[in-house]
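See below for the structure under consideration.
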Amino acid sequence: MAFDGTWKIDRNANYDKFMEKMGVNMVKRKLAAHDNLKLTVTQEGNKFTVKESSTFRTIEIVFELGVTFNYSLADGTELSGTWNLEGNKLVGKFKRIDNGNELNAIREIRDGELVQTYIYEGVEAQRIFKKE
């Protein structure tokens with residue numbers, strides 16, 4: 001599938017405002033803006049494995065489309081939700097464990113780049129990755 005491969009962060013759009021809305025303090029926001037995030041994505045049928053490597057942590061997330069799972073963001077925020085394939089987009093619908101607020105995420109390939117869009121409490125941000 002188009003998502004397979006290793007993707008390195010290239011640039012962000014409105015990411016600081018998004019993290020601020022999520023409650024991430026200024027020091028962590030400044031560090032996260034330069035986290036050198038790399039995603040390695042593999043898909044086998046409905047099962048995805050995403051290895052996230054950054055300056056701060058390396059984790060491997062395994063999920064199946066439509067199956068609820070728990071996930072922890074780099075700042076420690078706990079989420080529960082699902083990823084689904086809608087056309088050529090991976091659409092994630094998550095709820096924060098601490099306050100029940102929704103965090104939505106969309107991953108799609110645009111012009112050869114992996115564009116990851118986050119939407120939380122009316123704030124939208126993007127992280128754009130280039131294939132290695």
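Residue names in the structure tokens use chain letters A, B, ... in the order shown, residue numbers from 1 in each chain, and ligand numbers from 1 in the order shown.
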
(message) List as a PyMOL selection string the protein and nucleic acid residues near stretch 103-116 of chain A, meaning an atom at most 10 Å away when only C-alpha atoms are counted, but skip any in the same chain fewer than 3 places from it.
(response) chain A and resi 2-3+7-12+22+39+79-96+100+119-122+124-131

(request) From a DSSP pass on the backbone, collect the residues of chain A flagged as strand (DSSP E) and hand them back as a ChimeraX atom specification. (result) /A:5-13,38-44,47-53,58-64,69-72,78-86,89-96,102-110,113-120,123-131

Store the residues of this selection in a file with C-alpha atoms, as a compact mmCIF listing (two decimals), in the first residue's frame.
```txt
# COMPACT_ATOMS: atom_id res chain seq x y z
CA GLY A 5 7.89 2.69 3.85
CA THR A 6 9.97 4.95 6.05
CA TRP A 7 8.90 8.58 6.33
CA LYS A 8 10.98 11.39 7.87
CA ILE A 9 9.42 14.60 9.18
CA ASP A 10 9.97 17.49 6.79
CA ARG A 11 7.81 20.32 8.14
CA ASN A 12 4.89 21.25 10.38
CA ALA A 13 1.90 23.55 9.94
CA LYS A 38 10.55 9.05 11.59
CA LEU A 39 7.65 6.69 10.85
CA THR A 40 8.15 3.21 9.43
CA VAL A 41 4.82 1.85 8.21
CA THR A 42 4.04 -1.69 7.10
CA GLN A 43 0.64 -3.07 6.22
CA GLU A 44 -0.46 -6.70 6.00
CA LYS A 47 -3.06 -4.97 10.21
CA PHE A 48 -0.69 -2.00 10.39
CA THR A 49 2.61 -1.72 12.22
CA VAL A 50 3.93 1.80 12.75
CA LYS A 51 7.35 2.28 14.30
CA GLU A 52 7.80 5.83 15.61
CA SER A 53 11.38 6.93 16.20
CA THR A 58 11.01 4.77 19.90
CA ILE A 59 7.81 2.76 20.03
CA GLU A 60 6.02 0.29 17.84
CA ILE A 61 2.25 0.51 17.45
CA VAL A 62 0.34 -2.42 16.00
CA PHE A 63 -3.33 -1.97 15.15
CA GLU A 64 -6.06 -3.47 13.02
CA PHE A 69 -6.72 0.16 20.93
CA ASN A 70 -4.97 2.38 23.48
CA TYR A 71 -2.07 4.65 22.61
CA SER A 72 0.11 7.09 24.53
CA GLU A 78 -3.44 8.52 26.87
CA LEU A 79 -5.85 7.90 24.00
CA SER A 80 -8.28 5.16 23.00
CA GLY A 81 -9.70 4.78 19.51
CA THR A 82 -9.53 3.29 16.05
CA TRP A 83 -8.01 3.76 12.62
CA ASN A 84 -10.13 3.07 9.52
CA LEU A 85 -9.45 3.25 5.82
CA GLU A 86 -11.74 5.75 4.07
CA LYS A 89 -7.01 7.99 3.75
CA LEU A 90 -6.31 6.44 7.11
CA VAL A 91 -8.76 8.13 9.48
CA GLY A 92 -8.18 7.91 13.23
CA LYS A 93 -10.87 8.72 15.78
CA PHE A 94 -9.57 8.85 19.33
CA LYS A 95 -10.76 10.00 22.74
CA ARG A 96 -8.49 11.27 25.47
CA GLU A 102 -11.94 13.83 20.71
CA LEU A 103 -8.70 13.86 18.76
CA ASN A 104 -9.03 13.06 15.08
CA ALA A 105 -6.14 12.24 12.78
CA ILE A 106 -5.92 11.70 9.04
CA ARG A 107 -2.97 10.18 7.19
CA GLU A 108 -2.86 10.50 3.43
CA ILE A 109 -0.35 10.54 0.61
CA ARG A 110 -0.31 13.85 -1.27
CA GLU A 113 4.41 13.08 0.83
CA LEU A 114 2.73 11.58 3.88
CA VAL A 115 0.49 14.29 5.32
CA GLN A 116 -0.71 13.69 8.86
CA THR A 117 -3.50 16.06 9.94
CA TYR A 118 -4.61 16.42 13.55
CA ILE A 119 -7.84 18.06 14.70
CA TYR A 120 -8.47 18.79 18.38
CA VAL A 123 -7.49 23.46 16.06
CA GLU A 124 -6.06 21.75 12.98
CA ALA A 125 -2.38 21.02 12.42
CA GLN A 126 -0.31 19.07 9.95
CA ARG A 127 2.96 17.20 10.01
CA ILE A 128 4.36 16.49 6.55
CA PHE A 129 6.80 13.62 5.94
CA LYS A 130 9.02 12.77 2.98
CA LYS A 131 9.79 9.17 2.03
```

(message) Residues within 7 Å of A:Ser54, please, as JSON, numbers by chain. Count only C-alpha atoms; anything in the same chain fewer than 6 positions from it doesn't count.
(response) {"A": [35, 36, 37, 38]}

(message) Taking the DSSP secondary structure from the backbone, can you list the residues of chain A that are alpha helix (DSSP H), as a list in words?
(response)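 The residues of chain A classed as alpha helix (DSSP H) are Tyr15, Asp16, Lys17, Phe18, Met19, Glu20, Lys21, Met22, Met26, Val27, Lys28, Arg29, Lys30, Leu31 and Ala32 of chain A.
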